[in-house]
Amino acid sequence: MSIKVEVFVDYVCPFCFLIEGAIRELKRDRDVEVSIRPFELRPEPVPTLRPEDEYLPRIWNDSVYPMARRVGIDVTLPSISPQPRTEKAFMVLQLAEERGKAEEYSEAMFEAFFQDDRDIGEDDVIIDVAAGIGLDRTEVAEALTGQERRARQKTYQDHAVNTVGIQAVPGIVIAGQLVRGVPSASRMKKVVDQITGQLPQPGGQP
């Protein structure tokens, strides 16, 4: 039986993009079923970050760029200011999941923001990115204005915070167990092995 892995992401979080290779390795080496889950770091009315302020350049220089070099992904601190909100992009994620394209859509969103410097909070950009991975433009436009999808996104956000306990992303949940930080593929595989009984549980339990 496949182990369920939930990956909570925000499309403005570079670490969520940089961990994708580790997720692919986990899928390749272990019997897991991966689901992409939305978590907006700064939902309305929380102000989003600005690249011209001190915080983002410092984090990128200290942590993002070194990790990007380690995993071999070319990224650049986006110039969009303030950074976009991602509620609408997540509303389209619902459609992508329904069409079996959630991971492909998420990767395209990350690339649009961190490699192409596109404003993924804008409807036309979201539609273009979604159409680029094969989603129907009309359906995407409908998803962006659907009140049911907006309400569902709020439910997902509340669930992530209040039930799962997500406070930051990426948030990796393996068979209900929250793995904090930005875990490597080897760390995630170790958690899967412990759950499936191939390794002893912490504390000596089988």
# chains A, B, ... in the order shown; residues from 1 in each chain; ligands from 1
>>> select_by_dssp(residues="segment 50-197 of chain A", states="helix (DSSP H, G or I)", output="MDAnalysis selection string")
chainID A and resid 55:71 87:98 102:114 123:132 137:145 147:164 185:196
>>> residues_around(residues="segment 120-128 of chain A", least_positions_apart="6", cutoff="8 Å", atoms="only C-alpha atoms", output="PyMOL selection string")
chain A and resi 84-86+88-89+109+112-113+137+140-141+144
>>> select_by_dssp(residues="segment 107-187 of chain A", states="strand (DSSP E)", output="ChimeraX atom specification")
/A:171-174,177-179
>>> write_last_selection(atoms="N, CA and C atoms", output="PDB file, in the first residue's frame")
ATOM      1  N   GLY A 171       5.876  22.221   3.851  1.00  0.00           N
ATOM      2  CA  GLY A 171       5.433  21.396   4.959  1.00  0.00           C
ATOM      3  C   GLY A 171       5.171  19.992   4.441  1.00  0.00           C
ATOM      4  N   ILE A 172       5.964  19.043   4.863  1.00  0.00           N
ATOM      5  CA  ILE A 172       5.862  17.665   4.372  1.00  0.00           C
ATOM      6  C   ILE A 172       5.171  16.817   5.430  1.00  0.00           C
ATOM      7  N   VAL A 173       4.074  16.198   5.047  1.00  0.00           N
ATOM      8  CA  VAL A 173       3.336  15.328   5.959  1.00  0.00           C
ATOM      9  C   VAL A 173       3.351  13.922   5.368  1.00  0.00           C
ATOM     10  N   ILE A 174       3.999  12.995   6.074  1.00  0.00           N
ATOM     11  CA  ILE A 174       4.129  11.610   5.612  1.00  0.00           C
ATOM     12  C   ILE A 174       3.287  10.723   6.509  1.00  0.00           C
ATOM     13  N   GLN A 177       2.372  12.317   9.609  1.00  0.00           N
ATOM     14  CA  GLN A 177       3.481  12.792  10.445  1.00  0.00           C
ATOM     15  C   GLN A 177       4.133  14.007   9.790  1.00  0.00           C
ATOM     16  N   LEU A 178       4.109  15.140  10.484  1.00  0.00           N
ATOM     17  CA  LEU A 178       4.676  16.373   9.957  1.00  0.00           C
ATOM     18  C   LEU A 178       6.194  16.350  10.079  1.00  0.00           C
ATOM     19  N   VAL A 179       6.873  16.507   8.939  1.00  0.00           N
ATOM     20  CA  VAL A 179       8.327  16.563   8.898  1.00  0.00           C
ATOM     21  C   VAL A 179       8.718  18.028   8.752  1.00  0.00           C
TER      22      VAL A 179
END
>>> closest_residue(among="A:Glu139, A:Glu98, A:Glu33, A:Glu87", to="Pro45 of chain A", atoms="only C-alpha atoms")
A:Glu87
